[in-house]
>>> print(open('entry-v6.cif').read())   # mmCIF, C-alpha atoms
data_my_file
loop_
_atom_site.group_PDB
_atom_site.id
_atom_site.type_symbol
_atom_site.label_atom_id
_atom_site.label_comp_id
_atom_site.auth_asym_id
_atom_site.auth_seq_id
_atom_site.Cartn_x
_atom_site.Cartn_y
_atom_site.Cartn_z
ATOM 1 C CA MET A 202 63.305 29.097 93.236
ATOM 2 C CA ALA A 203 61.634 31.979 91.398
ATOM 3 C CA GLU A 204 59.039 32.221 94.153
ATOM 4 C CA ASP A 205 61.780 32.447 96.757
ATOM 5 C CA GLU A 206 63.427 35.171 94.722
ATOM 6 C CA LEU A 207 60.187 37.096 94.455
ATOM 7 C CA GLU A 208 59.552 36.842 98.170
ATOM 8 C CA GLY A 209 63.100 38.028 98.771
ATOM 9 C CA ILE A 210 62.554 41.151 96.688
ATOM 10 C CA LYS A 211 59.254 41.857 98.381
ATOM 11 C CA ALA A 212 60.884 41.536 101.786
ATOM 12 C CA LEU A 213 63.672 43.818 100.647
ATOM 13 C CA LEU A 214 61.221 46.490 99.538
ATOM 14 C CA ARG A 215 59.147 46.178 102.684
ATOM 15 C CA ARG A 216 62.236 46.504 104.868
ATOM 16 C CA GLY A 217 63.731 49.440 103.031
ATOM 17 C CA GLY A 218 60.502 51.094 102.040
ATOM 18 C CA VAL A 219 59.918 52.415 98.573
ATOM 19 C CA GLN A 220 61.975 55.534 98.206
ATOM 20 C CA ALA A 221 63.958 55.834 95.005
ATOM 21 C CA MET A 222 62.180 55.570 91.682
ATOM 22 C CA PRO A 223 62.734 52.408 89.627
ATOM 23 C CA GLU A 224 66.158 52.376 88.038
ATOM 24 C CA VAL A 225 67.779 50.411 85.226
ATOM 25 C CA VAL A 226 71.396 51.339 84.619
ATOM 26 C CA GLU A 227 73.551 49.776 81.968
ATOM 27 C CA ILE A 228 76.889 48.579 83.275
ATOM 28 C CA ARG A 229 79.656 49.244 80.798
ATOM 29 C CA PRO A 230 82.409 46.801 81.663
ATOM 30 C CA GLU A 231 85.952 48.063 81.789
ATOM 31 C CA ILE A 232 88.081 45.158 80.730
ATOM 32 C CA ARG A 233 91.593 45.209 82.081
ATOM 33 C CA SER A 234 94.014 42.635 80.863
ATOM 34 C CA ALA A 235 95.880 40.730 83.516
ATOM 35 C CA GLY A 236 98.744 40.273 81.119
ATOM 36 C CA SER A 237 102.030 42.056 81.316
ATOM 37 C CA TRP A 238 102.890 44.903 79.031
ATOM 38 C CA HIS A 239 106.421 44.477 77.857
ATOM 39 C CA LEU A 240 106.418 47.932 76.452
ATOM 40 C CA VAL A 241 108.333 51.117 76.805
ATOM 41 C CA ASP A 242 106.655 54.354 75.922
ATOM 42 C CA PRO A 243 108.822 56.121 73.349
ATOM 43 C CA GLU A 244 107.654 59.436 74.771
ATOM 44 C CA PHE A 245 108.937 58.480 78.236
ATOM 45 C CA LYS A 246 111.900 60.565 79.327
ATOM 46 C CA PRO A 247 113.799 59.189 82.306
ATOM 47 C CA ALA A 248 114.664 61.674 85.007
ATOM 48 C CA GLU A 249 118.115 63.069 84.710
ATOM 49 C CA PRO A 250 120.531 61.660 87.292
ATOM 50 C CA PRO A 251 121.561 64.107 89.985
ATOM 51 C CA ARG A 252 124.648 66.061 89.173
ATOM 52 C CA GLN A 253 127.795 64.614 90.656
ATOM 53 C CA PRO A 254 130.043 66.947 92.632
ATOM 54 C CA THR A 255 133.017 68.108 90.691
ATOM 55 C CA ALA A 256 135.833 65.638 91.029
ATOM 56 C CA PRO A 257 138.951 66.943 92.720
ATOM 57 C CA ARG A 258 141.785 67.768 90.427
ATOM 58 C CA PRO A 259 144.245 64.940 90.138
ATOM 59 C CA GLU A 260 147.360 65.364 92.074
ATOM 60 C CA SER A 261 150.490 66.215 90.223
ATOM 61 C CA GLY A 262 152.056 63.243 88.572
ATOM 62 C CA GLN A 263 148.755 61.404 88.205
ATOM 63 C CA GLU A 264 147.438 62.701 84.978
ATOM 64 C CA GLN A 265 143.946 61.621 84.200
ATOM 65 C CA GLN A 266 143.584 59.601 81.079
ATOM 66 C CA PRO A 267 141.039 61.088 78.693
ATOM 67 C CA GLN A 268 137.970 58.903 78.435
ATOM 68 C CA PRO A 269 136.936 57.930 74.947
ATOM 69 C CA GLN A 270 133.800 59.652 73.813
ATOM 70 C CA GLN A 271 130.897 57.268 73.518
ATOM 71 C CA THR A 272 129.289 57.411 70.138
ATOM 72 C CA PRO A 273 125.500 57.627 70.517
ATOM 73 C CA GLN A 274 123.822 54.598 69.072
ATOM 74 C CA PRO A 275 121.239 55.322 66.418
ATOM 75 C CA GLN A 276 117.767 54.742 67.769
ATOM 76 C CA PRO A 277 115.143 53.127 65.602
ATOM 77 C CA SER A 278 112.674 55.694 64.489
ATOM 78 C CA LEU A 279 108.982 55.054 64.249
ATOM 79 C CA THR A 280 108.622 57.720 61.644
ATOM 80 C CA SER A 281 110.903 55.963 59.242
ATOM 81 C CA GLY A 282 110.882 52.559 57.702
ATOM 82 C CA PHE A 283 107.802 50.421 57.222
ATOM 83 C CA SER A 284 106.197 50.579 60.630
ATOM 84 C CA PRO A 285 102.525 51.557 60.414
ATOM 85 C CA GLY A 286 102.685 53.027 63.911
ATOM 86 C CA MET A 287 103.858 52.599 67.449
ATOM 87 C CA MET A 288 100.962 50.252 68.068
ATOM 88 C CA LEU A 289 98.537 48.586 65.739
ATOM 89 C CA ARG A 290 95.281 47.354 67.192
ATOM 90 C CA GLN A 291 93.043 44.834 65.521
ATOM 91 C CA VAL A 292 89.521 44.312 66.791
ATOM 92 C CA THR A 293 87.880 41.240 65.293
ATOM 93 C CA TYR A 294 84.182 40.618 65.754
ATOM 94 C CA PHE A 295 81.126 38.812 64.494
ATOM 95 C CA VAL A 296 78.202 40.664 62.964
ATOM 96 C CA PRO A 297 75.061 38.603 62.366
ATOM 97 C CA PRO A 298 74.505 37.914 58.655
ATOM 98 C CA GLN A 299 71.121 39.574 58.730
ATOM 99 C CA GLU A 300 72.838 42.771 59.920
ATOM 100 C CA ALA A 301 75.582 42.663 57.295
ATOM 101 C CA ALA A 302 73.966 44.976 54.760
ATOM 102 C CA ARG A 303 73.029 47.529 57.404
ATOM 103 C CA PHE A 304 76.502 47.331 58.957
ATOM 104 C CA GLN A 305 78.263 47.774 55.638
ATOM 105 C CA ASP A 306 76.019 50.689 54.753
ATOM 106 C CA TRP A 307 76.748 52.270 58.130
ATOM 107 C CA LEU A 308 80.472 51.843 57.550
ATOM 108 C CA TYR A 309 80.223 53.384 54.094
ATOM 109 C CA ARG A 310 78.548 56.442 55.556
ATOM 110 C CA ASN A 311 80.528 56.751 58.783
ATOM 111 C CA GLU A 312 84.079 55.599 58.146
ATOM 112 C CA PRO A 313 85.062 59.125 57.061
ATOM 113 C CA HIS A 314 83.829 60.356 60.450
ATOM 114 C CA LEU A 315 85.750 57.667 62.313
ATOM 115 C CA HIS A 316 88.856 58.779 60.496
ATOM 116 C CA ALA A 317 88.300 62.515 60.784
ATOM 117 C CA LEU A 318 87.132 62.635 64.398
ATOM 118 C CA ALA A 319 89.720 60.264 65.868
ATOM 119 C CA PRO A 320 91.753 61.851 68.687
ATOM 120 C CA ALA A 321 95.254 63.125 68.010
ATOM 121 C CA GLY A 322 97.654 60.267 67.492
ATOM 122 C CA VAL A 323 94.882 57.787 66.707
ATOM 123 C CA THR A 324 94.201 56.768 63.127
ATOM 124 C CA TYR A 325 91.312 54.671 61.930
ATOM 125 C CA LEU A 326 92.753 52.389 59.279
ATOM 126 C CA GLY A 327 89.562 50.730 58.162
ATOM 127 C CA THR A 328 87.325 47.729 58.663
ATOM 128 C CA TYR A 329 87.819 44.591 56.639
ATOM 129 C CA GLY A 330 85.890 41.399 56.149
ATOM 130 C CA VAL A 331 87.957 38.449 57.310
ATOM 131 C CA PHE A 332 88.480 36.116 54.395
ATOM 132 C CA GLY A 333 87.292 32.603 55.112
ATOM 133 C CA ARG A 334 85.380 33.541 58.259
ATOM 134 C CA GLY A 335 81.850 34.438 57.370
ATOM 135 C CA SER A 336 80.281 37.424 59.086
ATOM 136 C CA THR A 337 83.588 38.259 60.757
ATOM 137 C CA TYR A 338 85.108 41.704 60.461
ATOM 138 C CA ALA A 339 88.286 43.321 61.681
ATOM 139 C CA SER A 340 88.770 47.006 62.422
ATOM 140 C CA PHE A 341 92.300 48.372 62.522
ATOM 141 C CA TRP A 342 93.557 51.309 64.521
ATOM 142 C CA ARG A 343 96.957 52.901 64.741
ATOM 143 C CA TYR A 344 98.285 54.596 67.854
ATOM 144 C CA ASP A 345 101.291 56.866 67.721
ATOM 145 C CA SER A 346 101.941 56.808 71.464
ATOM 146 C CA PHE A 347 100.578 55.623 74.767
ATOM 147 C CA ALA A 348 99.145 59.083 75.190
ATOM 148 C CA ALA A 349 97.100 58.399 72.052
ATOM 149 C CA VAL A 350 95.763 55.202 73.607
ATOM 150 C CA GLN A 351 94.707 57.254 76.613
ATOM 151 C CA ARG A 352 93.075 59.892 74.425
ATOM 152 C CA MET A 353 91.151 57.171 72.626
ATOM 153 C CA ALA A 354 89.920 55.707 75.915
ATOM 154 C CA THR A 355 88.907 59.152 77.159
ATOM 155 C CA ALA A 356 86.996 59.955 73.977
ATOM 156 C CA VAL A 357 85.161 56.634 74.021
ATOM 157 C CA GLY A 358 84.025 57.217 77.586
ATOM 158 C CA ASP A 359 83.021 60.820 77.014
ATOM 159 C CA PRO A 360 79.281 61.070 76.335
ATOM 160 C CA LEU A 361 79.811 64.467 74.712
ATOM 161 C CA SER A 362 82.512 63.307 72.325
ATOM 162 C CA ASP A 363 81.396 63.128 68.700
ATOM 163 C CA PHE A 364 84.016 60.478 68.037
ATOM 164 C CA GLY A 365 82.883 58.465 71.065
ATOM 165 C CA GLY A 366 79.313 58.682 69.838
ATOM 166 C CA VAL A 367 80.168 57.321 66.385
ATOM 167 C CA LEU A 368 82.279 54.578 67.918
ATOM 168 C CA ARG A 369 79.523 53.551 70.309
ATOM 169 C CA VAL A 370 77.199 53.078 67.344
ATOM 170 C CA LEU A 371 79.824 50.918 65.662
ATOM 171 C CA GLN A 372 80.071 48.845 68.819
ATOM 172 C CA GLN A 373 76.387 48.020 68.650
ATOM 173 C CA TYR A 374 76.820 45.854 65.551
ATOM 174 C CA PRO A 375 79.007 43.041 66.918
ATOM 175 C CA GLN A 376 77.192 40.171 68.536
ATOM 176 C CA ILE A 377 79.019 38.094 71.113
ATOM 177 C CA ARG A 378 77.665 34.559 71.169
ATOM 178 C CA ALA A 379 80.915 33.141 72.516
ATOM 179 C CA ALA A 380 84.206 34.605 73.694
ATOM 180 C CA GLU A 381 85.866 34.075 70.329
ATOM 181 C CA ASP A 382 83.291 36.307 68.668
ATOM 182 C CA TYR A 383 85.137 39.397 69.903
ATOM 183 C CA THR A 384 88.893 39.502 70.123
ATOM 184 C CA GLU A 385 91.508 42.174 70.201
ATOM 185 C CA GLN A 386 95.126 41.978 69.188
ATOM 186 C CA LEU A 387 97.853 44.529 69.667
ATOM 187 C CA TYR A 388 100.825 44.620 67.368
ATOM 188 C CA LEU A 389 104.137 46.314 67.936
ATOM 189 C CA PRO A 390 106.791 46.835 65.311
ATOM 190 C CA ALA A 391 109.326 44.143 66.049
ATOM 191 C CA GLY A 392 112.115 46.182 64.535
ATOM 192 C CA SER A 393 111.699 48.987 67.048
ATOM 193 C CA SER A 394 113.610 47.518 69.919
ATOM 194 C CA PRO A 395 112.870 50.338 72.405
ATOM 195 C CA LEU A 396 109.238 49.258 72.428
ATOM 196 C CA LEU A 397 109.903 45.719 73.507
ATOM 197 C CA THR A 398 111.612 44.796 76.710
ATOM 198 C CA PRO A 399 112.714 41.346 77.724
ATOM 199 C CA GLY A 400 109.793 39.437 79.148
ATOM 200 C CA VAL A 401 109.188 39.834 82.846
ATOM 201 C CA THR A 402 106.715 37.411 84.277
ATOM 202 C CA ARG A 403 104.349 38.353 87.031
ATOM 203 C CA ASP A 404 106.088 35.865 89.275
ATOM 204 C CA GLU A 405 109.411 37.574 88.811
ATOM 205 C CA GLN A 406 108.137 40.998 89.724
ATOM 206 C CA PRO A 407 106.399 41.424 93.069
ATOM 207 C CA GLY A 408 102.888 42.686 92.612
ATOM 208 C CA GLY A 409 102.890 41.749 88.957
ATOM 209 C CA ALA A 410 104.582 43.403 86.048
ATOM 210 C CA ARG A 411 102.529 46.223 84.632
ATOM 211 C CA ALA A 412 103.794 48.514 81.952
ATOM 212 C CA PRO A 413 107.410 48.444 83.026
ATOM 213 C CA ARG A 414 109.286 51.467 81.863
ATOM 214 C CA GLY A 415 112.708 50.284 80.868
ATOM 215 C CA MET B 180 49.129 58.874 82.375
ATOM 216 C CA SER B 181 48.801 55.662 80.407
ATOM 217 C CA CYS B 182 48.188 52.427 82.300
ATOM 218 C CA PRO B 183 49.979 49.223 81.418
ATOM 219 C CA THR B 184 47.951 47.006 79.142
ATOM 220 C CA GLY B 185 48.543 43.818 77.210
ATOM 221 C CA HIS B 186 50.975 41.095 78.126
ATOM 222 C CA TYR B 187 54.492 41.430 79.498
ATOM 223 C CA SER B 188 57.247 38.839 79.538
ATOM 224 C CA GLN B 189 60.984 38.767 80.120
ATOM 225 C CA MET B 190 63.117 38.711 77.016
ATOM 226 C CA PRO B 191 64.323 35.155 76.487
ATOM 227 C CA GLY B 192 67.691 34.146 77.847
ATOM 228 C CA LEU B 193 68.065 36.845 80.498
ATOM 229 C CA ARG B 194 70.366 35.889 83.351
ATOM 230 C CA LEU B 195 69.602 37.466 86.684
ATOM 231 C CA ARG B 196 72.201 37.589 89.424
ATOM 232 C CA PRO B 197 70.863 39.091 92.651
ATOM 233 C CA VAL B 198 73.261 41.117 94.775
ATOM 234 C CA ARG B 199 71.176 40.938 97.898
ATOM 235 C CA GLU B 200 73.566 42.787 100.175
ATOM 236 C CA LEU B 201 73.210 45.822 97.915
ATOM 237 C CA GLY B 202 69.544 45.323 97.182
ATOM 238 C CA VAL B 203 70.104 45.227 93.439
ATOM 239 C CA CYS B 204 70.109 42.681 90.675
ATOM 240 C CA VAL B 205 72.586 42.429 87.820
ATOM 241 C CA VAL B 206 70.995 41.302 84.583
ATOM 242 C CA PHE B 207 72.865 39.987 81.566
ATOM 243 C CA ALA B 208 71.107 40.203 78.217
ATOM 244 C CA PRO B 209 73.010 37.669 76.091
ATOM 245 C CA ALA B 210 71.371 38.627 72.806
ATOM 246 C CA GLU B 211 73.055 42.000 72.974
ATOM 247 C CA ALA B 212 75.851 41.170 75.394
ATOM 248 C CA ARG B 213 74.784 43.968 77.720
ATOM 249 C CA LEU B 214 74.778 44.168 81.511
ATOM 250 C CA PHE B 215 72.363 46.122 83.642
ATOM 251 C CA ARG B 216 71.974 46.990 87.293
ATOM 252 C CA LEU B 217 68.380 47.083 88.491
ATOM 253 C CA ASN B 218 67.327 48.545 91.790
ATOM 254 C CA ALA B 219 64.778 46.657 93.844
ATOM 255 C CA GLN B 220 61.710 48.130 92.178
ATOM 256 C CA SER B 221 62.820 47.453 88.618
ATOM 257 C CA TRP B 222 63.974 44.031 89.738
ATOM 258 C CA LEU B 223 60.530 43.364 91.183
ATOM 259 C CA ALA B 224 58.817 44.407 87.951
ATOM 260 C CA LEU B 225 61.093 42.156 85.923
ATOM 261 C CA GLU B 226 60.649 39.246 88.286
ATOM 262 C CA LEU B 227 56.865 39.591 88.198
ATOM 263 C CA CYS B 228 57.057 39.174 84.429
ATOM 264 C CA ARG B 229 58.960 35.901 84.628
ATOM 265 C CA GLY B 230 57.032 33.434 82.529
ATOM 266 C CA GLY B 231 54.770 36.173 81.225
ATOM 267 C CA THR B 232 51.910 38.003 82.839
ATOM 268 C CA THR B 233 48.988 40.158 81.896
ATOM 269 C CA ALA B 234 49.053 43.814 82.744
ATOM 270 C CA ALA B 235 46.168 43.347 85.133
ATOM 271 C CA ALA B 236 47.928 40.576 87.062
ATOM 272 C CA LEU B 237 51.130 42.574 87.047
ATOM 273 C CA ARG B 238 49.422 45.629 88.494
ATOM 274 C CA LYS B 239 47.731 43.575 91.161
ATOM 275 C CA ALA B 240 50.974 41.893 92.238
ATOM 276 C CA TRP B 241 52.802 45.226 92.134
ATOM 277 C CA ARG B 242 50.253 46.939 94.349
ATOM 278 C CA GLU B 243 50.627 44.216 96.944
ATOM 279 C CA VAL B 244 54.212 45.366 97.485
ATOM 280 C CA VAL B 245 54.339 48.978 96.390
ATOM 281 C CA THR B 246 51.631 50.713 98.332
ATOM 282 C CA SER B 247 52.640 54.331 97.949
ATOM 283 C CA ASP B 248 50.288 56.819 96.331
ATOM 284 C CA ASP B 249 52.403 56.925 93.210
ATOM 285 C CA ALA B 250 52.563 53.139 92.824
ATOM 286 C CA GLU B 251 51.022 53.285 89.340
ATOM 287 C CA GLU B 252 53.530 55.866 88.209
ATOM 288 C CA ARG B 253 56.374 53.786 89.609
ATOM 289 C CA LEU B 254 55.175 50.718 87.753
ATOM 290 C CA ARG B 255 54.922 52.680 84.539
ATOM 291 C CA VAL B 256 58.452 54.028 84.994
ATOM 292 C CA ALA B 257 59.810 50.553 85.711
ATOM 293 C CA LEU B 258 58.089 49.066 82.667
ATOM 294 C CA ASP B 259 59.244 51.913 80.430
ATOM 295 C CA LEU B 260 62.847 51.426 81.533
ATOM 296 C CA LEU B 261 62.746 47.663 81.125
ATOM 297 C CA LEU B 262 61.149 47.947 77.702
ATOM 298 C CA ALA B 263 63.550 50.678 76.585
ATOM 299 C CA ASN B 264 66.484 48.474 77.489
ATOM 300 C CA ARG B 265 64.908 45.460 75.808
ATOM 301 C CA LEU B 266 64.735 43.416 78.985
ATOM 302 C CA LEU B 267 60.981 43.054 78.652
ATOM 303 C CA HIS B 268 58.773 42.083 75.770
ATOM 304 C CA HIS B 269 55.371 43.698 75.499
ATOM 305 C CA GLU B 270 52.499 42.303 73.515
ATOM 306 C CA PRO B 271 49.806 44.911 73.195
ATOM 307 C CA ALA B 272 46.213 43.866 73.488
ATOM 308 C CA PRO B 273 44.226 46.247 71.302
ATOM 309 C CA ALA B 274 40.959 44.688 72.348
ATOM 310 C CA GLU B 275 41.760 45.074 76.006
ATOM 311 C CA ALA B 276 40.137 48.105 77.531
ATOM 312 C CA PRO B 277 42.488 50.420 79.408
ATOM 313 C CA MET B 278 42.449 49.642 83.066
ATOM 314 C CA THR B 279 41.122 52.118 85.531
ATOM 315 C CA ALA B 280 43.127 53.424 88.408
ATOM 316 C CA ALA B 281 41.008 51.434 90.857
ATOM 317 C CA SER B 282 42.728 48.320 92.068
#
>>> encode(input="entry-v6.cif", output="structure tokens")
Amino acid sequence: MAEDELEGIKALLRRGGVQAMPEVVEIRPEIRSAGSWHLVDPEFKPAEPPRQPTAPRPESGQEQQPQPQQTPQPQPSLTSGFSPGMMLRQVTYFVPPQEAARFQDWLYRNEPHLHALAPAGVTYLGTYGVFGRGSTYASFWRYDSFAAVQRMATAVGDPLSDFGGVLRVLQQYPQIRAAEDYTEQLYLPAGSSPLLTPGVTRDEQPGGARAPRG
Amino acid sequence: MSCPTGHYSQMPGLRLRPVRELGVCVVFAPAEARLFRLNAQSWLALELCRGGTTAAALRKAWREVVTSDDAEERLRVALDLLLANRLLHHEPAPAEAPMTAAS
């Protein structure tokens, strides 16, 4: 099998000639969840409906009844109450025991940077050891908006971003031996009803439901 | 320019998935959960080190396929990249005399 593979590569090189220099490029996977986002961005402003033409004046004898004024319903505010943010993200991961001391020392020295350099609307809330699960840690992040999520993603992917650089070092500590060694969980404040829409399954929405906006 | 010396072997547990239609190979390094794309030359160097090989045998096998004038330089580049990304393990042989450019 290996011999066949080797002969295949040799044939490939002979066919194509040797042009480009040897290359080894790391592939950084972009993981996209297939799940539905039953979320509504609180910063989303629906377009105003087109203005209706002025209604003709009622004819004499048909006086229009005044419509009762609708009292605006109070909207839950994310800046009040107990909510720690529009979205709370928990990243849980395994760090090999032999790396624990180095990892904890790195955190001690770099957590202030993670907090200070985080993009606008993103707050690093800390990294905690998970009680009862040896060598397992959880890092918590708070996002104030979907725009903050986007800013975080942009910073992480930007090779010139100081924040991205610190975060990429942090990401080198987890070891993934099995899928459950690295998990992410998003939390939304259940009391903020505008953030949660009734569930729409992919089957119910042609093409799949992705980030429906209201 | 330094010549490869010692003994080279693939890091244990590597999973290679050839993408023949593109002439590349995708390599998964489970110890670090990292993925790499190797072009044909780097792929060849890695494949020649399957099971372990001496630098001399590696150079000989390499020169059978890569016949350009800069074949030695290309091998050195490939080995440097594979070592830097921890896809290869290198065991130096201090007693081994550096190889000459003659094949």
>>> atom_distance(input="entry-v6.cif", atom1="CA of Ala208 in chain B", atom2="CA of Gln299 in chain A")
19.5 Å
>>> residues_around(input="entry-v6.cif", residues="His268 in chain B", least_positions_apart="2", cutoff="12 Å", atoms="all atoms listed in the file", output="list in words")
Gly185, His186, Tyr187, Ser188, Gln189, Met190, Pro191, Leu193, Leu225, Cys228, Arg229, Gly230, Gly231, Thr232, Thr233, Leu258, Asp259, Leu260, Leu261, Leu262, Ala263, Asn264, Arg265, Leu266, Glu270 and Pro271 of chain B
>>> atom_distance(input="entry-v6.cif", atom1="CA of Val296 in chain A", atom2="CA of Pro209 in chain B")
14.4 Å
>>> resolve_selection(input="entry-v6.cif", expression="the PyMOL selection byres ((chain B and resi 235) around 8)", output="ChimeraX atom specification")
/B:183-184,233-234,236-239,278
>>> interface_residues(input="entry-v6.cif", of="chain B", to="chain A", cutoff="6 Å", atoms="only C-alpha atoms", output="list of chain:residue names")
B:Leu214, B:Phe215, B:Arg216, B:Leu217, B:Asn218, B:Gln220, B:Ser221, B:Ala257
>>> closest_residue(input="entry-v6.cif", among="A:Val357, A:Phe341, A:Thr324, A:Gln291", to="Val370 in chain A", atoms="all atoms listed in the file")
A:Val357
>>> atom_distance(input="entry-v6.cif", atom1="CA of Leu289 in chain A", atom2="CA of Gly358 in chain A")
20.6 Å
>>> resolve_selection(input="entry-v6.cif", expression="the PyMOL selection byres ((chain A and resi 342-356) around 7)", output="JSON, numbers by chain")
{"A": [242, 286, 287, 288, 289, 290, 291, 320, 321, 322, 323, 324, 325, 326, 340, 341, 357, 358, 359, 362, 364, 365]}
>>> resolve_selection(input="entry-v6.cif", expression="the PyMOL selection byres ((chain A and resi 386) around 8)", output="ChimeraX atom specification")
/A:290-292,384-385,387-388
>>> residues_around(input="entry-v6.cif", residues="Pro313 in chain A", least_positions_apart="2", cutoff="12 Å", atoms="only C-alpha atoms", output="list in words")
Trp307, Leu308, Tyr309, Arg310, Asn311, Leu315, His316, Ala317, Leu318, Ala319, Thr324, Tyr325, Leu326, Gly327, Thr328, Phe364 and Val367 of chain A
>>> axis_aligned_box(input="entry-v6.cif", around="range 249-259 of chain B", padding_each_side="6 Å", output="lines of an AutoDock Vina configuration file")
center_x = 55.4
center_y = 53.0
center_z = 86.8
size_x = 20.8
size_y = 19.9
size_z = 24.8
